[in-house]
file run32.txt (compact mmCIF, C-alpha atoms)
# COMPACT_ATOMS: atom_id res chain seq x y z
CA MET A 1 1.35 11.82 187.33
CA THR A 2 2.16 14.02 184.33
CA LEU A 3 4.58 16.95 184.49
CA LYS A 4 1.71 19.30 183.74
CA GLY A 5 -0.24 17.91 186.67
CA TRP A 6 2.64 18.43 189.09
CA PHE A 7 3.30 21.93 187.77
CA SER A 8 -0.36 22.91 188.13
CA LEU A 9 -0.42 21.49 191.65
CA VAL A 10 2.70 23.41 192.72
CA LEU A 11 1.48 26.63 191.11
CA LEU A 12 -1.99 26.56 192.60
CA THR A 13 -1.15 25.29 196.08
CA GLY A 14 2.04 27.30 196.46
CA SER A 15 3.61 24.33 198.33
CA PRO A 16 6.38 22.70 196.26
CA GLY A 17 7.01 20.12 198.97
CA LEU A 18 3.41 18.87 199.08
CA LEU A 19 2.96 15.45 197.48
CA LEU A 20 -0.47 14.03 196.75
CA SER A 21 -1.54 10.74 195.29
CA GLN A 22 -3.07 10.45 191.82
CA ASP A 23 -6.53 9.95 193.32
CA SER A 24 -6.24 12.98 195.58
CA LEU A 25 -5.07 15.11 192.68
CA GLN A 26 -8.01 14.11 190.52
CA HIS A 27 -10.39 15.15 193.31
CA ALA A 28 -8.48 18.22 194.54
CA ASN A 29 -10.31 21.34 195.65
CA TYR A 30 -8.82 24.73 194.84
CA ALA A 31 -9.93 27.84 196.68
CA PHE A 32 -9.46 30.88 194.44
CA SER A 33 -9.76 34.54 195.23
CA LEU A 34 -10.43 37.00 192.44
CA SER A 35 -6.78 38.07 192.41
CA ASP A 36 -5.73 34.39 192.15
CA VAL A 37 -7.95 33.92 189.12
CA ILE A 38 -6.51 37.02 187.43
CA ARG A 39 -2.93 35.89 188.07
CA ILE A 40 -3.48 32.33 186.88
CA ALA A 41 -5.44 33.43 183.80
CA ARG A 42 -2.59 35.74 182.80
CA ASP A 43 0.00 32.99 183.30
CA GLN A 44 -1.64 29.68 182.45
CA ASN A 45 -4.17 30.33 179.69
CA LYS A 46 -3.25 28.46 176.51
CA ARG A 47 -3.72 31.50 174.27
CA VAL A 48 -1.36 33.48 176.49
CA LYS A 49 1.19 30.65 176.33
CA ALA A 50 0.88 30.62 172.53
CA ALA A 51 1.46 34.39 172.45
CA ARG A 52 4.58 33.94 174.58
CA GLU A 53 5.89 31.37 172.11
CA GLU A 54 5.35 33.90 169.31
CA GLU A 55 7.27 36.44 171.38
CA LYS A 56 10.17 34.00 171.75
CA ALA A 57 10.12 33.36 168.00
CA SER A 58 10.33 37.11 167.31
CA ALA A 59 13.36 37.29 169.63
CA PHE A 60 15.10 34.63 167.54
CA ASP A 61 14.19 36.55 164.36
CA LEU A 62 15.80 39.65 165.87
CA GLN A 63 18.98 37.76 166.67
CA ASP A 64 19.02 36.36 163.14
CA ALA A 65 18.81 39.89 161.73
CA LYS A 66 21.74 40.95 163.93
CA ASP A 67 23.75 37.95 162.73
CA ALA A 68 23.33 39.17 159.14
CA VAL A 69 26.05 41.82 159.73
CA LEU A 70 28.62 39.07 160.30
CA PRO A 71 30.82 37.97 157.36
CA SER A 72 29.45 35.21 155.17
CA LEU A 73 31.71 32.18 154.86
CA ALA A 74 31.40 29.27 152.45
CA ALA A 75 33.43 26.27 151.35
CA ASP A 76 33.00 24.17 148.20
CA VAL A 77 34.57 20.81 147.45
CA ASN A 78 34.11 19.37 143.97
CA TYR A 79 35.35 16.24 142.22
CA GLN A 80 34.59 15.15 138.66
CA ARG A 81 35.75 12.24 136.52
CA PHE A 82 35.21 12.67 132.81
CA THR A 83 34.47 9.99 130.25
CA LYS A 84 36.59 9.71 127.14
CA VAL A 85 36.29 12.63 124.77
CA THR A 86 34.70 11.74 121.43
CA LEU A 87 36.21 13.59 118.46
CA PHE A 88 34.56 13.79 115.03
CA ARG A 89 35.95 14.42 111.56
CA ASN A 90 33.88 15.49 108.59
CA GLY A 91 30.82 16.57 110.55
CA LEU A 92 29.52 13.82 112.80
CA SER A 93 31.30 10.98 110.99
CA ASP A 94 34.63 9.23 111.47
CA ALA A 95 34.48 9.43 115.31
CA HIS A 96 37.16 8.26 117.69
CA ALA A 97 37.69 8.61 121.45
CA ILE A 98 40.64 9.84 123.49
CA THR A 99 41.27 10.38 127.19
CA ARG A 100 40.66 13.94 128.36
CA PRO A 101 44.07 15.59 128.79
CA PRO A 102 45.94 15.45 131.01
CA ASP A 103 43.69 12.80 132.70
CA PRO A 104 39.95 12.28 133.34
CA ASN A 105 40.06 13.64 136.91
CA ASN A 106 39.02 17.14 137.94
CA ALA A 107 38.89 18.46 141.54
CA SER A 108 38.67 21.77 143.36
CA MET A 109 38.44 23.09 146.92
CA VAL A 110 37.43 26.73 147.37
CA ALA A 111 36.92 28.83 150.52
CA GLN A 112 34.95 32.06 150.09
CA ALA A 113 34.26 35.02 152.37
CA GLY A 114 32.13 38.11 151.93
CA LEU A 115 31.35 41.18 154.02
CA LEU A 116 28.78 43.85 153.23
CA VAL A 117 30.55 47.12 153.89
CA TYR A 118 27.72 49.46 152.87
CA GLY A 119 24.18 48.65 151.82
CA GLY A 120 22.35 51.94 152.19
CA GLY A 121 21.26 51.06 155.73
CA ARG A 122 19.38 47.89 154.74
CA LEU A 123 20.81 45.73 157.51
CA ARG A 124 20.25 48.39 160.16
CA LYS A 125 16.65 48.91 159.05
CA ASN A 126 16.07 45.15 159.01
CA ILE A 127 17.29 44.95 162.61
CA GLU A 128 15.00 47.84 163.58
CA GLU A 129 12.06 46.05 161.93
CA LYS A 130 12.72 42.87 163.91
CA GLU A 131 13.01 44.92 167.12
CA ILE A 132 9.62 46.52 166.45
CA ARG A 133 8.11 43.11 165.67
CA GLU A 134 9.45 41.79 168.97
CA GLN A 135 7.86 44.73 170.78
CA LEU A 136 4.62 44.11 168.86
CA ALA A 137 4.69 40.46 169.96
CA SER A 138 5.09 41.65 173.54
CA VAL A 139 2.05 43.91 173.14
CA ASN A 140 0.06 40.98 171.73
CA THR A 141 1.08 38.85 174.72
CA GLY A 142 -0.08 41.58 177.11
CA ASP A 143 -3.34 41.91 175.21
CA GLU A 144 -3.97 38.15 175.31
CA ALA A 145 -3.18 38.12 179.03
CA GLY A 146 -5.58 41.03 179.60
CA GLN A 147 -8.35 39.36 177.60
CA SER A 148 -7.80 36.07 179.43
CA ALA A 149 -7.92 37.81 182.82
CA THR A 150 -11.07 39.72 181.84
CA GLN A 151 -12.87 36.57 180.69
CA ALA A 152 -11.79 34.74 183.85
CA VAL A 153 -13.06 37.60 186.02
CA LEU A 154 -16.43 37.65 184.25
CA LEU A 155 -16.76 33.88 184.71
CA TYR A 156 -15.79 34.24 188.38
CA LEU A 157 -18.43 36.94 188.85
CA GLN A 158 -20.99 34.81 187.03
CA ILE A 159 -20.33 31.91 189.40
CA VAL A 160 -20.62 34.19 192.43
CA SER A 161 -23.88 35.55 191.06
CA LEU A 162 -25.19 32.02 190.48
CA TYR A 163 -24.23 31.01 194.02
CA ARG A 164 -26.21 33.95 195.38
CA GLN A 165 -29.15 33.11 193.15
CA ASP A 166 -28.96 29.51 194.34
CA SER A 167 -29.05 30.72 197.93
CA LEU A 168 -32.08 32.89 197.19
CA PHE A 169 -33.86 29.97 195.51
CA ALA A 170 -33.06 27.78 198.54
CA GLU A 171 -34.67 30.36 200.86
CA GLU A 172 -37.65 30.62 198.53
CA ILE A 173 -38.02 26.82 198.53
CA LYS A 174 -38.05 26.81 202.34
CA ARG A 175 -40.82 29.42 202.35
CA ALA A 176 -42.72 27.47 199.69
CA GLU A 177 -42.41 24.20 201.65
CA LEU A 178 -43.65 25.91 204.81
CA ARG A 179 -46.48 27.48 202.83
CA VAL A 180 -47.53 24.13 201.37
CA LYS A 181 -47.49 22.60 204.84
CA ASN A 182 -49.65 25.37 206.28
CA ILE A 183 -52.06 25.38 203.34
CA ARG A 184 -52.44 21.58 203.54
CA SER A 185 -53.34 21.99 207.19
CA LEU A 186 -55.86 24.69 206.29
CA TYR A 187 -57.26 22.49 203.54
CA GLU A 188 -57.69 19.56 205.89
CA ASN A 189 -59.59 21.91 208.21
CA GLU A 190 -61.66 23.02 205.19
CA ARG A 191 -60.55 26.62 205.48
CA VAL A 192 -59.12 26.81 201.92
CA THR A 193 -59.99 25.13 198.65
CA LYS A 194 -58.13 22.36 196.84
CA SER A 195 -57.01 24.80 194.17
CA ASP A 196 -54.98 26.78 196.73
CA LEU A 197 -53.13 23.63 197.77
CA LEU A 198 -52.44 22.65 194.15
CA ARG A 199 -51.29 26.16 193.30
CA ALA A 200 -48.89 26.17 196.25
CA GLU A 201 -47.47 22.77 195.26
CA VAL A 202 -46.97 23.91 191.66
CA ASP A 203 -45.16 27.00 192.91
CA LEU A 204 -42.87 24.78 195.04
CA SER A 205 -42.04 22.61 192.03
CA THR A 206 -41.22 25.70 189.99
CA GLN A 207 -38.79 26.97 192.61
CA GLN A 208 -37.11 23.58 192.82
CA LEU A 209 -36.62 23.61 189.05
CA ASN A 210 -35.17 27.12 189.28
CA ARG A 211 -32.64 25.96 191.82
CA GLU A 212 -31.72 22.91 189.74
CA GLN A 213 -31.11 25.20 186.76
CA ALA A 214 -28.89 27.44 188.91
CA ASP A 215 -26.88 24.41 190.07
CA ASN A 216 -26.40 23.27 186.48
CA ASP A 217 -25.34 26.76 185.41
CA ILE A 218 -22.78 26.80 188.24
CA ALA A 219 -21.28 23.51 187.04
CA ILE A 220 -21.08 24.80 183.45
CA ALA A 221 -19.52 28.12 184.49
CA LYS A 222 -16.96 26.33 186.67
CA ASP A 223 -16.02 24.10 183.77
CA ARG A 224 -15.53 27.16 181.55
CA LEU A 225 -13.43 28.82 184.22
CA GLY A 226 -11.31 25.68 184.51
CA ILE A 227 -10.68 25.77 180.75
CA GLN A 228 -9.81 29.47 180.95
CA LEU A 229 -7.30 28.74 183.73
CA ASP A 230 -6.03 25.58 181.98
CA LEU A 231 -6.93 23.33 184.90
CA PRO A 232 -7.73 19.61 184.68
CA SER A 233 -11.44 19.09 184.11
CA ALA A 234 -11.73 16.97 187.27
CA ASP A 235 -10.65 19.83 189.50
CA ARG A 236 -13.28 21.42 191.71
CA ILE A 237 -13.11 25.16 192.12
CA ASP A 238 -14.19 26.99 195.26
CA LEU A 239 -14.52 30.77 195.38
CA THR A 240 -13.33 32.77 198.36
CA ASP A 241 -14.41 36.27 197.22
CA THR A 242 -18.19 36.31 197.43
CA SER A 243 -18.58 39.98 198.31
CA PHE A 244 -16.81 42.82 196.56
CA GLN A 245 -15.93 46.38 197.46
CA LEU A 246 -17.21 48.51 194.61
CA PRO A 247 -15.08 51.56 193.84
CA ALA A 248 -16.72 54.97 193.75
CA SER A 249 -17.32 56.67 190.42
CA THR A 250 -14.53 59.14 191.19
CA GLU A 251 -12.03 56.25 191.38
CA LEU A 252 -12.72 55.05 187.83
CA PRO A 253 -10.08 55.51 185.11
CA GLY A 254 -11.00 58.11 182.53
CA GLU A 255 -10.59 58.39 178.77
CA TYR A 256 -7.23 57.71 177.19
CA GLN A 257 -4.81 60.62 177.14
CA PRO A 258 -1.51 60.46 175.21
CA ASP A 259 0.42 61.52 178.29
CA GLY A 260 -1.45 59.13 180.60
CA PRO A 261 0.20 56.31 182.58
CA ASN A 262 -1.59 53.50 180.68
CA THR A 263 -2.29 52.91 177.01
CA PRO A 264 -5.02 50.55 175.73
CA TYR A 265 -3.63 47.47 174.02
CA ALA A 266 -5.26 48.28 170.68
CA LEU A 267 -3.54 51.67 170.60
CA GLN A 268 -0.23 50.13 171.65
CA ARG A 269 -0.56 47.73 168.72
CA TYR A 270 -1.26 50.50 166.23
CA GLY A 271 1.62 52.51 167.63
CA LYS A 272 3.98 49.64 166.80
CA LEU A 273 2.38 49.15 163.38
CA LEU A 274 2.99 52.83 162.59
CA GLN A 275 6.63 52.48 163.64
CA LEU A 276 6.90 49.39 161.47
CA GLN A 277 5.48 51.23 158.47
CA GLU A 278 7.87 54.16 158.99
CA ASN A 279 10.71 51.67 158.98
CA ARG A 280 9.38 50.11 155.76
CA ILE A 281 9.43 53.53 154.08
CA ASP A 282 13.10 53.86 155.04
CA VAL A 283 13.80 50.31 153.77
CA VAL A 284 12.31 51.17 150.37
CA ARG A 285 14.41 54.33 150.23
CA THR A 286 17.59 52.31 150.69
CA GLN A 287 17.08 51.04 147.13
CA TYR A 288 18.27 54.44 145.97
CA TYR A 289 21.73 53.71 147.36
CA PRO A 290 24.49 51.42 146.10
CA THR A 291 25.91 48.40 147.89
CA VAL A 292 29.59 47.88 148.58
CA GLN A 293 30.82 44.39 149.37
CA LEU A 294 34.27 43.16 150.31
CA TYR A 295 34.83 39.59 149.18
CA SER A 296 37.67 37.09 148.83
CA ALA A 297 38.32 33.47 147.95
CA TYR A 298 41.13 30.94 148.01
CA GLY A 299 41.05 27.68 146.07
CA LEU A 300 43.01 24.55 145.31
CA SER A 301 42.35 22.94 141.91
CA TYR A 302 43.41 20.06 139.69
CA PRO A 303 44.52 19.88 136.90
CA ASN A 304 46.20 23.13 135.93
CA LEU A 305 43.95 24.57 133.22
CA ASN A 306 45.77 27.90 133.16
CA LEU A 307 48.24 26.46 130.65
CA PHE A 308 47.62 24.99 127.25
CA PRO A 309 47.61 22.20 126.93
CA PRO A 310 46.52 21.50 130.55
CA ILE A 311 49.11 19.74 132.65
CA ASN A 312 48.86 17.15 135.41
CA GLN A 313 49.42 19.58 138.29
CA TRP A 314 47.68 20.90 141.45
CA TRP A 315 47.56 24.68 141.63
CA ALA A 316 46.29 27.16 144.24
CA ALA A 317 45.38 30.85 144.08
CA GLY A 318 43.35 33.39 146.04
CA PHE A 319 42.07 36.92 145.65
CA ILE A 320 40.52 39.80 147.58
CA GLY A 321 38.34 42.43 146.00
CA VAL A 322 35.63 45.04 146.32
CA MET A 323 32.32 44.88 144.48
CA VAL A 324 30.13 47.94 144.06
CA HIS A 325 26.60 47.43 142.77
CA TYR A 326 24.11 50.11 141.86
CA ASP A 327 20.72 49.47 140.30
CA ILE A 328 20.19 52.42 137.98
CA SER A 329 16.58 51.42 137.37
CA SER A 330 15.86 52.12 141.05
CA LEU A 331 15.82 55.83 140.18
CA TYR A 332 12.45 55.39 138.47
CA LYS A 333 11.22 52.09 139.95
CA THR A 334 11.53 52.98 143.65
CA ARG A 335 9.57 56.23 143.44
CA ASN A 336 6.15 54.54 143.35
CA LYS A 337 7.15 52.07 146.05
CA VAL A 338 7.95 54.96 148.40
CA SER A 339 4.64 56.65 147.58
CA ALA A 340 2.73 53.42 148.23
CA ALA A 341 4.48 52.94 151.58
CA ARG A 342 3.62 56.52 152.59
CA GLN A 343 -0.04 56.02 151.67
CA GLN A 344 -0.12 52.84 153.76
CA TYR A 345 1.29 54.84 156.66
CA GLU A 346 -1.48 57.43 156.28
CA SER A 347 -4.05 54.63 156.15
CA LEU A 348 -2.69 53.13 159.39
CA HIS A 349 -2.75 56.57 161.00
CA LEU A 350 -6.42 57.02 160.12
CA GLN A 351 -7.21 53.53 161.40
CA ARG A 352 -5.45 54.37 164.66
CA ASP A 353 -7.53 57.54 165.02
CA TYR A 354 -10.68 55.49 164.42
CA VAL A 355 -9.61 52.94 167.04
CA LEU A 356 -8.84 55.78 169.47
CA ASP A 357 -12.35 57.18 169.02
CA ASN A 358 -13.86 53.73 169.59
CA VAL A 359 -11.69 53.06 172.64
CA ASN A 360 -12.72 56.32 174.29
CA GLU A 361 -16.37 55.67 173.35
CA GLU A 362 -16.17 52.23 174.96
CA ILE A 363 -14.58 53.72 178.08
CA ARG A 364 -17.32 56.35 178.32
CA SER A 365 -20.01 53.69 177.81
CA LEU A 366 -18.56 51.43 180.50
CA ILE A 367 -18.38 54.33 182.96
CA ILE A 368 -22.02 55.21 182.23
CA LYS A 369 -23.13 51.58 182.67
CA TYR A 370 -21.10 51.26 185.88
CA ARG A 371 -22.77 54.34 187.37
CA GLU A 372 -26.12 53.02 186.21
CA SER A 373 -25.40 49.75 188.03
CA LEU A 374 -24.59 51.66 191.21
CA ASP A 375 -27.96 53.39 190.94
CA ARG A 376 -29.70 50.07 190.31
CA ILE A 377 -28.03 48.66 193.43
CA LYS A 378 -29.49 51.45 195.54
CA VAL A 379 -32.95 50.98 194.01
CA ALA A 380 -32.76 47.20 194.44
CA GLN A 381 -31.76 47.50 198.10
CA LYS A 382 -34.75 49.75 198.76
CA SER A 383 -37.02 47.44 196.75
CA ILE A 384 -35.93 44.46 198.87
CA GLU A 385 -36.92 46.25 202.05
CA GLN A 386 -40.32 47.21 200.61
CA ALA A 387 -40.91 43.73 199.15
CA ALA A 388 -40.06 42.08 202.49
CA VAL A 389 -42.60 44.25 204.30
CA ASN A 390 -45.17 43.56 201.60
CA LEU A 391 -44.56 39.79 201.87
CA ARG A 392 -45.05 39.82 205.66
CA ILE A 393 -48.31 41.77 205.32
CA LEU A 394 -49.79 39.52 202.62
CA THR A 395 -48.71 36.37 204.47
CA ALA A 396 -50.62 37.51 207.56
CA LYS A 397 -53.61 38.56 205.46
CA TYR A 398 -53.78 35.24 203.62
CA TYR A 399 -53.73 33.10 206.73
CA ASN A 400 -56.46 35.36 208.12
CA GLN A 401 -58.48 34.85 204.92
CA LEU A 402 -58.11 38.51 203.95
CA ALA A 403 -56.07 37.99 200.77
CA LEU A 404 -55.90 35.56 197.87
CA LEU A 405 -53.12 33.00 197.44
CA THR A 406 -52.29 34.60 194.10
CA ASP A 407 -51.48 37.85 195.91
CA LEU A 408 -49.26 36.00 198.40
CA LEU A 409 -47.34 34.16 195.65
CA ASP A 410 -46.90 37.39 193.71
CA ALA A 411 -45.52 39.04 196.82
CA ASP A 412 -43.09 36.16 197.37
CA ASN A 413 -41.94 36.27 193.74
CA LEU A 414 -41.57 40.04 193.96
CA TYR A 415 -39.31 39.68 197.00
CA THR A 416 -37.15 37.08 195.29
CA GLU A 417 -36.99 39.08 192.07
CA SER A 418 -35.92 42.20 194.00
CA ALA A 419 -33.10 40.20 195.61
CA LEU A 420 -32.10 38.82 192.21
CA ARG A 421 -32.01 42.32 190.74
CA LEU A 422 -29.61 43.34 193.50
CA VAL A 423 -27.34 40.37 192.73
CA ARG A 424 -27.38 41.14 189.01
CA ALA A 425 -26.70 44.84 189.58
CA GLN A 426 -23.73 44.09 191.85
CA THR A 427 -22.35 41.53 189.40
CA ASP A 428 -22.83 43.89 186.45
CA ALA A 429 -21.07 46.69 188.30
CA MET A 430 -18.02 44.52 189.00
CA GLY A 431 -18.04 43.25 185.41
CA TYR A 432 -18.16 46.79 184.00
CA TYR A 433 -15.33 47.82 186.32
CA TYR A 434 -12.96 45.05 185.20
CA ARG A 435 -13.89 45.52 181.56
CA LEU A 436 -13.03 49.17 182.06
CA LEU A 437 -9.64 48.18 183.47
CA TYR A 438 -8.95 46.10 180.38
CA ALA A 439 -10.20 48.81 178.00
CA THR A 440 -7.76 51.30 179.57
CA GLY A 441 -4.81 48.87 179.52
CA ARG A 442 -4.72 48.36 183.29
CA LEU A 443 -5.61 44.64 183.43

call {"tool": "encode", "arguments": {"input": "run32.txt", "output": "structure tokens"}}
result
Amino acid sequence: MTLKGWFSLVLLTGSPGLLLSQDSLQHANYAFSLSDVIRIARDQNKRVKAAREEEKASAFDLQDAKDAVLPSLAADVNYQRFTKVTLFRNGLSDAHAITRPPDPNNASMVAQAGLLVYGGGRLRKNIEEKEIREQLASVNTGDEAGQSATQAVLLYLQIVSLYRQDSLFAEEIKRAELRVKNIRSLYENERVTKSDLLRAEVDLSTQQLNREQADNDIAIAKDRLGIQLDLPSADRIDLTDTSFQLPASTELPGEYQPDGPNTPYALQRYGKLLQLQENRIDVVRTQYYPTVQLYSAYGLSYPNLNLFPPINQWWAAGFIGVMVHYDISSLYKTRNKVSAARQQYESLHLQRDYVLDNVNEEIRSLIIKYRESLDRIKVAQKSIEQAAVNLRILTAKYYNQLALLTDLLDADNLYTESALRLVRAQTDAMGYYYRLLYATGRL
């Protein structure tokens, strides 16, 4: 069994001491509530895991920026052996060779150290940039987790809806089978025509195909949910939440307010991008300032080239000094860079305002569609009651030869369609609610 398989088993069952065989794992059943699906989608989805890895990478980048304030140390070791020196007389003629004085060997060992004492705030601004990028990576991780949870919820609701549709089709098939049986009996007694029997059988076949389609859609949706939750494809998923408590319209979150408890992920991202651009403006401004560096070195060399002629002798020396550097051209080169950075900040600010308008528009739209779904639920519930009464009346009329089979089948289809509309309205309402939670940064 792979490590991933054991980890998934422990996570989903919540029983670290439970050991199952390979065969039992491949055919395991997992019963998920809606809250379980949200939790697992936020933790186990591959895109969320990838975002967490990016967050870890940004943490290392931040630590690297902090390490830049430490002194820089270096050591060089060098050895050279020279060939004989060729000397020429009269241009390039009359050449002869001699050994390089005092001998052909040359070696040096140097240790160097440097410390940036003042750089106009460049290091500090670089650290602030990496901190903002780490926070931005955290926002991206939260956004990916929210999207993963939202998609998992919608798939969960789709499966629940398909289960209910499958149940409705099963009931319709039972009615159709009973109807075929009764009509065949009537046909044998020559009370109805052959066409009625054929029409009833065709209707039964249609309902059986509808149920087969629903079963196939359930299998496909479960497979998609398994991918979203990063579960092995052989796992079978069972749903425990098949009925949901819909919140009232007054319990819905409203439009985004700057002083509100939650901020949509898109606005969080633009908030960090604006901070990052402000920091970039400050980084460009640091080019106006000089840099001051403290540096030193100590070296051991051979031969002694400080004397002439050089002598066969090791010698050592060291120094400590201060280097001040100022780029005078920055006085006229940096000006446009600062202006460009400011314009980019204004552009980001306008983009954020546009995103804010779209976020609030989406929130308003989802609230409207949620309330519409609540109204459709009420209408569908009333339609089911009326369609059930209508079906009973037309069933009695048909068997008493007071109505056509077409009217009876239409009444049956109307009853089923009313029930399906109720299922769709309830599923849509829950879907709009969880999409609203994500849009407001609560999921």

call {"tool": "residues_around", "arguments": {"input": "run32.txt", "residues": "Tyr399 (chain A)", "least_positions_apart": "6", "cutoff": "10 Å", "atoms": "only C-alpha atoms", "output": "ChimeraX atom specification"}}
result
/A:179,182-183,186,191-192,405,408

call {"tool": "atom_distance", "arguments": {"input": "run32.txt", "atom1": "CA of Leu443 (chain A)", "atom2": "CA of Gln147 (chain A)"}}
result
8.3 Å

call {"tool": "residues_around", "arguments": {"input": "run32.txt", "residues": "region 56-64 of chain A", "least_positions_apart": "3", "cutoff": "7 Å", "atoms": "all atoms listed in the file", "output": "PyMOL selection string"}}
result
chain A and resi 52-53+67-68+127+130-131+133-134

call {"tool": "write_last_selection", "arguments": {"input": "run32.txt", "atoms": "C-alpha atoms", "output": "PDB file, in the coordinates of the input"}}
result
ATOM      1  CA  ARG A  52       4.580  33.940 174.580  1.00  0.00           C
ATOM      2  CA  GLU A  53       5.890  31.370 172.110  1.00  0.00           C
ATOM      3  CA  ASP A  67      23.750  37.950 162.730  1.00  0.00           C
ATOM      4  CA  ALA A  68      23.330  39.170 159.140  1.00  0.00           C
ATOM      5  CA  ILE A 127      17.290  44.950 162.610  1.00  0.00           C
ATOM      6  CA  LYS A 130      12.720  42.870 163.910  1.00  0.00           C
ATOM      7  CA  GLU A 131      13.010  44.920 167.120  1.00  0.00           C
ATOM      8  CA  ARG A 133       8.110  43.110 165.670  1.00  0.00           C
ATOM      9  CA  GLU A 134       9.450  41.790 168.970  1.00  0.00           C
TER      10      GLU A 134
END

call {"tool": "residues_around", "arguments": {"input": "run32.txt", "residues": "region 335-350 of chain A", "least_positions_apart": "5", "cutoff": "10 Å", "atoms": "all atoms listed in the file", "output": "JSON, numbers by chain"}}
result
{"A": [270, 271, 273, 274, 275, 276, 277, 278, 279, 280, 281, 282, 283, 284, 285, 287, 288, 330, 355, 356]}

call {"tool": "closest_residue", "arguments": {"input": "run32.txt", "among": "A:Lys378, A:Ser296, A:Ile311, A:Ser35", "to": "Ala149 (chain A)", "atoms": "all atoms listed in the file"}}
result
A:Ser35

call {"tool": "residues_near_point", "arguments": {"input": "run32.txt", "point": "(50.2, 16.3, 136.0)", "cutoff": "10 Å", "atoms": "all atoms listed in the file", "output": "list in words"}}
result
Pro101, Pro102, Asp103, Tyr302, Pro303, Asn304, Pro310, Ile311, Asn312, Gln313 and Trp314 of chain A

call {"tool": "residues_around", "arguments": {"input": "run32.txt", "residues": "Ala50 (chain A)", "least_positions_apart": "5", "cutoff": "10 Å", "atoms": "all atoms listed in the file", "output": "compact mmCIF listing (two decimals) with C-alpha atoms, in the frame of the given file"}}
result
# COMPACT_ATOMS: atom_id res chain seq x y z
CA ASN A 45 -4.17 30.33 179.69
CA GLU A 55 7.27 36.44 171.38
CA LYS A 56 10.17 34.00 171.75
CA THR A 141 1.08 38.85 174.72
CA GLU A 144 -3.97 38.15 175.31

call {"tool": "closest_residue", "arguments": {"input": "run32.txt", "among": "A:Tyr332, A:Pro253, A:Lys84, A:Ala111", "to": "Gly299 (chain A)", "atoms": "all atoms listed in the file"}}
result
A:Ala111

call {"tool": "atom_distance", "arguments": {"input": "run32.txt", "atom1": "CA of Val48 (chain A)", "atom2": "CA of Asp238 (chain A)"}}
result
23.6 Å

call {"tool": "atom_distance", "arguments": {"input": "run32.txt", "atom1": "CA of Ala317 (chain A)", "atom2": "CA of Ser72 (chain A)"}}
result
19.9 Å

call {"tool": "residues_around", "arguments": {"input": "run32.txt", "residues": "Asp143 (chain A)", "least_positions_apart": "5", "cutoff": "12 Å", "atoms": "only C-alpha atoms", "output": "count of residues only"}}
result
24

call {"tool": "closest_residue", "arguments": {"input": "run32.txt", "among": "A:Leu225, A:Leu204, A:Ile220, A:Ile367", "to": "Leu409 (chain A)", "atoms": "all atoms listed in the file"}}
result
A:Leu204

call {"tool": "residues_near_point", "arguments": {"input": "run32.txt", "point": "(-8.0, 28.5, 183.0)", "cutoff": "12 Å", "atoms": "all atoms listed in the file", "output": "number ranges by chain"}}
result
A: 8, 12, 32, 36-49, 145, 148-153, 155-156, 221-233, 235, 237

call {"tool": "write_last_selection", "arguments": {"input": "run32.txt", "atoms": "C-alpha atoms", "output": "short mmCIF file (atom, residue, chain, number, x, y, z; two decimals), keeping the file's coordinate frame"}}
result
data_model
loop_
_atom_site.label_atom_id
_atom_site.label_comp_id
_atom_site.auth_asym_id
_atom_site.auth_seq_id
_atom_site.Cartn_x
_atom_site.Cartn_y
_atom_site.Cartn_z
CA SER A 8 -0.36 22.91 188.13
CA LEU A 12 -1.99 26.56 192.60
CA PHE A 32 -9.46 30.88 194.44
CA ASP A 36 -5.73 34.39 192.15
CA VAL A 37 -7.95 33.92 189.12
CA ILE A 38 -6.51 37.02 187.43
CA ARG A 39 -2.93 35.89 188.07
CA ILE A 40 -3.48 32.33 186.88
CA ALA A 41 -5.44 33.43 183.80
CA ARG A 42 -2.59 35.74 182.80
CA ASP A 43 0.00 32.99 183.30
CA GLN A 44 -1.64 29.68 182.45
CA ASN A 45 -4.17 30.33 179.69
CA LYS A 46 -3.25 28.46 176.51
CA ARG A 47 -3.72 31.50 174.27
CA VAL A 48 -1.36 33.48 176.49
CA LYS A 49 1.19 30.65 176.33
CA ALA A 145 -3.18 38.12 179.03
CA SER A 148 -7.80 36.07 179.43
CA ALA A 149 -7.92 37.81 182.82
CA THR A 150 -11.07 39.72 181.84
CA GLN A 151 -12.87 36.57 180.69
CA ALA A 152 -11.79 34.74 183.85
CA VAL A 153 -13.06 37.60 186.02
CA LEU A 155 -16.76 33.88 184.71
CA TYR A 156 -15.79 34.24 188.38
CA ALA A 221 -19.52 28.12 184.49
CA LYS A 222 -16.96 26.33 186.67
CA ASP A 223 -16.02 24.10 183.77
CA ARG A 224 -15.53 27.16 181.55
CA LEU A 225 -13.43 28.82 184.22
CA GLY A 226 -11.31 25.68 184.51
CA ILE A 227 -10.68 25.77 180.75
CA GLN A 228 -9.81 29.47 180.95
CA LEU A 229 -7.30 28.74 183.73
CA ASP A 230 -6.03 25.58 181.98
CA LEU A 231 -6.93 23.33 184.90
CA PRO A 232 -7.73 19.61 184.68
CA SER A 233 -11.44 19.09 184.11
CA ASP A 235 -10.65 19.83 189.50
CA ILE A 237 -13.11 25.16 192.12
#
